[in-house]
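The structure under discussion appears below in the form of C-alpha cells.
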Amino acid sequence: MECRVLSIQSHVVRGYVGNKSASFPLQVLGFEVDSINSVQFSNHTGYSHWKGQVLTADELHVLYEGIKLNNVNHYDYVLTGYTRDTSFLEMVVDIVQELKRANPNLVYVCDPVLGDHGSMYVPQNLHPVYKNKVVPVADIITPNQFEAELLTGKNISTEKEAVEVMDLLHKMGPDTVVITSSDLPPRLGDRFLVSFGSQRILMPDGTRTTQRIRIEVPKVDAVFVGTGDLFAAMLLAWTHHYPTDLKTACEKTFSVMHHVIQRTISYAHEMAGPGRRPSPAQLELRMVQSKADIEDPAIVMEATVI
C-alpha cells in the first residue's frame, strides 16, 4: 500500500527549508508527498535579502477544495511546520479534522514552531491556537524544550520534569512526543544536547503502555536552517516503519540528522576557507548528497529507555 503525506510548509526557490527540507527525504523513503506551500520565498530569511509571497488562509482553502473536488483528498499523514498566521493555522486544523473523518487512522505530525531559548519568534497570538486547537488534533509533536514548556505552562529543569511535561502533552492529545533539544546537563559532557521522547501505545488487550527514551546528540557550532523540518519528516518516516518502537525510530531519525549536518558543516568550512565563518548559502543542508544516509542511516547514537 502506498503511503501519502500532505505537507503544508514553506517553499524556497534556493536551499532547504520547509517542504524543500521534507519532501525529498520522504520521497526517497517511499512516501508520496503532496505539498502545499505556505510561503514561496526566494530563499530562507537568514540571508541578507529575501523576496516572495505568503499564502493566505483563503488561498489554502481554495487549494484544498480543488483536491477535494477531484476526490483525491485521501491521506495517511499530514505534516506541518512554521506558520506565522492564526487564520492559516486554524484552516490547517479544519483540514486535518476533515481528513481524519475520512480516514480515522490518519496521523498528523506537527512541529509546533513557537520559539527557542526563552523567546518567541512567531506572534504571541499563535500560542493559544497551538495549545487549544492544533496540539489536541496532533498525533506526533516535536517541540523543543521552550515550546514544550510554553504549551504546558510547566518548566523543565530535571529529567523527571521532562517526563511530566511529556505526560501533560499526551493528555492534550498526541500519543508521540519528542522534545528535540533541552538545556538539561548531558551525561556525555557539554558538547552534547539532551533530547527526550515518549510514546503511548495501545496494547491488544486495550491497556496503554508508555515508552520513554533519552538520547544525547552531539552539538554543532553553526546555525542551520531547515533542520527542524527535516527532523519532523524523518520522525514521520521512521515511526511509520517502527510504529511501536520509539527508541529505534528516534535512533534512526537523530542519526540521519547527524549525517546530514556533518556533511553540511564539512562542505561549508571547505567552501568558506580557513578561519572564515560560512555564509547562509554555504550552510544550506547537503540533502541530495545525503541520499544514501537518509535511506539507510548508520546508527551513530543510542537512546536509553527511562
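By convention in this document, the chains of the C-alpha cells carry letters A, B, ... by their order, each chain's residues are numbered from 1, and ligands are numbered from 1 in the order they are shown.
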
**Report entry** Ser23 of chain A surroundings by only C-alpha atoms, 12 Å radius, close-in-sequence under 3 positions cut, as number ranges by chain
**Finding:** A: 4-11, 16-20, 26-37, 79-80, 226, 229-234, 236-237, 287-288

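Across the model, the gap from atom CA of Met271 of chain A to atom CA of Leu285 of chain A is 13.5 Å.
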
**Report entry** Who sits within 8 Å of His127 of chain A, only C-alpha atoms, same chain under 2 positions skipped, as a ChimeraX atom specification
**Finding:** /A:114,123-125,129-131,150-151

Would you save the residues of that selection, restricted to C-alpha atoms, as a PDB file, in the first residue's frame?
```pdb
ATOM      1  CA  LEU A 114       6.863  28.978  18.620  1.00  0.00           C
ATOM      2  CA  PRO A 123       3.389  36.336  17.008  1.00  0.00           C
ATOM      3  CA  GLN A 124       2.123  35.758  20.579  1.00  0.00           C
ATOM      4  CA  ASN A 125      -1.428  35.070  19.369  1.00  0.00           C
ATOM      5  CA  VAL A 129      -4.133  28.379  18.793  1.00  0.00           C
ATOM      6  CA  TYR A 130      -1.383  25.749  19.061  1.00  0.00           C
ATOM      7  CA  LYS A 131      -2.281  24.926  22.650  1.00  0.00           C
ATOM      8  CA  LEU A 150       5.014  27.097  26.717  1.00  0.00           C
ATOM      9  CA  LEU A 151       2.390  24.548  25.693  1.00  0.00           C
TER      10      LEU A 151
END
```

Query raised in the report: Can you list, as a PyMOL selection string, every protein, DNA or RNA residue that comes within 9 Å of segment 188-199 of chain A when you count only C-alpha atoms, leaving out same-chain residues fewer than 4 positions away?
Result: chain A and resi 140+144-145+159+162-163+166-167+170+174-184+209-220+244-247+250+303

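The coordinates place atom CA of Leu235 of chain A at 25.2 Å from atom CA of Tyr267 of chain A.
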
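From atom CA of Tyr108 of chain A back to atom CA of Val78 of chain A, the distance works out to 4.7 Å.
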
Report task. Give the alpha helix (DSSP H) residues of segment 23-258 of chain A, as assigned by DSSP on the backbone, as a ChimeraX atom specification. Result -> /A:23-28,57-69,86-102,126-129,135-137,145-152,159-172,227-241,246-258

**Report entry** Residues within 10 Å of segment 43-56 of chain A, only C-alpha atoms, excluding chain neighbours under 5 positions, as a list in words
**Finding:** Ser10, His11, Val12, Val13, Arg14, Gly15, Tyr16, Val17, Gly18, Ile36, Asn37, Ser38, His61, Val62, Arg84, Asp85, Ser87, Phe88, Met91, Val223, Phe224, Val225, Gly226, Ser279, Pro280, Ala281 and Glu284 of chain A

Would you write out those residues with N, CA and C atoms, as a PDB file, in the first residue's frame?
```
ATOM      1  N   SER A  10       6.612  25.849   4.260  1.00  0.00           N
ATOM      2  CA  SER A  10       7.226  26.874   3.410  1.00  0.00           C
ATOM      3  C   SER A  10       7.884  26.255   2.184  1.00  0.00           C
ATOM      4  N   HIS A  11       8.058  27.088   1.163  1.00  0.00           N
ATOM      5  CA  HIS A  11       8.845  26.689  -0.011  1.00  0.00           C
ATOM      6  C   HIS A  11       9.875  27.777  -0.280  1.00  0.00           C
ATOM      7  N   VAL A  12      11.087  27.360  -0.619  1.00  0.00           N
ATOM      8  CA  VAL A  12      12.112  28.316  -1.067  1.00  0.00           C
ATOM      9  C   VAL A  12      12.634  27.879  -2.426  1.00  0.00           C
ATOM     10  N   VAL A  13      12.946  28.867  -3.277  1.00  0.00           N
ATOM     11  CA  VAL A  13      13.499  28.561  -4.592  1.00  0.00           C
ATOM     12  C   VAL A  13      14.883  27.943  -4.414  1.00  0.00           C
ATOM     13  N   ARG A  14      15.707  28.622  -3.569  1.00  0.00           N
ATOM     14  CA  ARG A  14      17.079  28.177  -3.351  1.00  0.00           C
ATOM     15  C   ARG A  14      17.194  27.620  -1.927  1.00  0.00           C
ATOM     16  N   GLY A  15      17.758  26.436  -1.803  1.00  0.00           N
ATOM     17  CA  GLY A  15      18.055  25.918  -0.467  1.00  0.00           C
ATOM     18  C   GLY A  15      17.013  24.964   0.082  1.00  0.00           C
ATOM     19  N   TYR A  16      17.118  24.710   1.399  1.00  0.00           N
ATOM     20  CA  TYR A  16      16.322  23.665   2.036  1.00  0.00           C
ATOM     21  C   TYR A  16      15.706  24.116   3.354  1.00  0.00           C
ATOM     22  N   VAL A  17      14.428  24.492   3.285  1.00  0.00           N
ATOM     23  CA  VAL A  17      13.609  24.632   4.492  1.00  0.00           C
ATOM     24  C   VAL A  17      12.209  24.144   4.141  1.00  0.00           C
ATOM     25  N   GLY A  18      11.409  23.910   5.159  1.00  0.00           N
ATOM     26  CA  GLY A  18      10.007  23.557   4.941  1.00  0.00           C
ATOM     27  C   GLY A  18       9.834  22.368   4.014  1.00  0.00           C
ATOM     28  N   ILE A  36       1.645  21.622  -0.134  1.00  0.00           N
ATOM     29  CA  ILE A  36       1.046  22.954  -0.218  1.00  0.00           C
ATOM     30  C   ILE A  36       2.064  23.911   0.378  1.00  0.00           C
ATOM     31  N   ASN A  37       2.456  24.919  -0.415  1.00  0.00           N
ATOM     32  CA  ASN A  37       3.498  25.845   0.031  1.00  0.00           C
ATOM     33  C   ASN A  37       2.876  27.035   0.751  1.00  0.00           C
ATOM     34  N   SER A  38       3.105  27.099   2.067  1.00  0.00           N
ATOM     35  CA  SER A  38       2.503  28.166   2.878  1.00  0.00           C
ATOM     36  C   SER A  38       3.129  29.523   2.559  1.00  0.00           C
ATOM     37  N   HIS A  61      -7.493  27.255   1.545  1.00  0.00           N
ATOM     38  CA  HIS A  61      -8.803  26.613   1.431  1.00  0.00           C
ATOM     39  C   HIS A  61      -9.137  26.289  -0.030  1.00  0.00           C
ATOM     40  N   VAL A  62      -8.838  27.236  -0.929  1.00  0.00           N
ATOM     41  CA  VAL A  62      -9.098  27.046  -2.367  1.00  0.00           C
ATOM     42  C   VAL A  62      -8.317  25.838  -2.896  1.00  0.00           C
ATOM     43  N   ARG A  84       3.076  31.712  10.610  1.00  0.00           N
ATOM     44  CA  ARG A  84       3.038  32.981  11.351  1.00  0.00           C
ATOM     45  C   ARG A  84       1.622  33.528  11.510  1.00  0.00           C
ATOM     46  N   ASP A  85       0.638  32.856  10.945  1.00  0.00           N
ATOM     47  CA  ASP A  85      -0.703  33.451  10.840  1.00  0.00           C
ATOM     48  C   ASP A  85      -1.751  32.570  11.506  1.00  0.00           C
ATOM     49  N   SER A  87      -5.121  32.609  11.338  1.00  0.00           N
ATOM     50  CA  SER A  87      -6.227  32.117  10.499  1.00  0.00           C
ATOM     51  C   SER A  87      -5.753  30.962   9.610  1.00  0.00           C
ATOM     52  N   PHE A  88      -4.496  31.019   9.157  1.00  0.00           N
ATOM     53  CA  PHE A  88      -3.917  29.936   8.355  1.00  0.00           C
ATOM     54  C   PHE A  88      -3.842  28.661   9.200  1.00  0.00           C
ATOM     55  N   MET A  91      -7.189  27.138   9.696  1.00  0.00           N
ATOM     56  CA  MET A  91      -7.620  26.444   8.475  1.00  0.00           C
ATOM     57  C   MET A  91      -6.947  25.078   8.371  1.00  0.00           C
ATOM     58  N   VAL A 223      24.803  27.689  12.715  1.00  0.00           N
ATOM     59  CA  VAL A 223      23.348  27.869  12.664  1.00  0.00           C
ATOM     60  C   VAL A 223      22.839  27.277  11.355  1.00  0.00           C
ATOM     61  N   PHE A 224      22.015  26.245  11.482  1.00  0.00           N
ATOM     62  CA  PHE A 224      21.421  25.628  10.286  1.00  0.00           C
ATOM     63  C   PHE A 224      19.954  26.018  10.216  1.00  0.00           C
ATOM     64  N   VAL A 225      19.435  26.081   9.016  1.00  0.00           N
ATOM     65  CA  VAL A 225      18.008  26.345   8.818  1.00  0.00           C
ATOM     66  C   VAL A 225      17.436  25.143   8.085  1.00  0.00           C
ATOM     67  N   GLY A 226      16.239  24.714   8.499  1.00  0.00           N
ATOM     68  CA  GLY A 226      15.603  23.577   7.833  1.00  0.00           C
ATOM     69  C   GLY A 226      15.808  22.259   8.547  1.00  0.00           C
ATOM     70  N   SER A 279      28.841  31.225   5.077  1.00  0.00           N
ATOM     71  CA  SER A 279      27.666  32.069   4.802  1.00  0.00           C
ATOM     72  C   SER A 279      26.396  31.213   4.852  1.00  0.00           C
ATOM     73  N   PRO A 280      25.217  31.859   4.917  1.00  0.00           N
ATOM     74  CA  PRO A 280      23.967  31.083   4.867  1.00  0.00           C
ATOM     75  C   PRO A 280      23.882  30.171   3.640  1.00  0.00           C
ATOM     76  N   ALA A 281      24.378  30.641   2.499  1.00  0.00           N
ATOM     77  CA  ALA A 281      24.327  29.824   1.267  1.00  0.00           C
ATOM     78  C   ALA A 281      25.203  28.582   1.414  1.00  0.00           C
ATOM     79  N   GLU A 284      23.565  25.734   3.591  1.00  0.00           N
ATOM     80  CA  GLU A 284      22.348  25.025   3.160  1.00  0.00           C
ATOM     81  C   GLU A 284      22.586  23.512   3.291  1.00  0.00           C
TER      82      GLU A 284
END
```

**Report entry** Within 9 Å of segment 119-121 of chain A using only C-alpha atoms, minus same-chain residues under 6 positions, as a list in words
**Finding:** Arg84, Val113, Phe146 and Glu147 of chain A
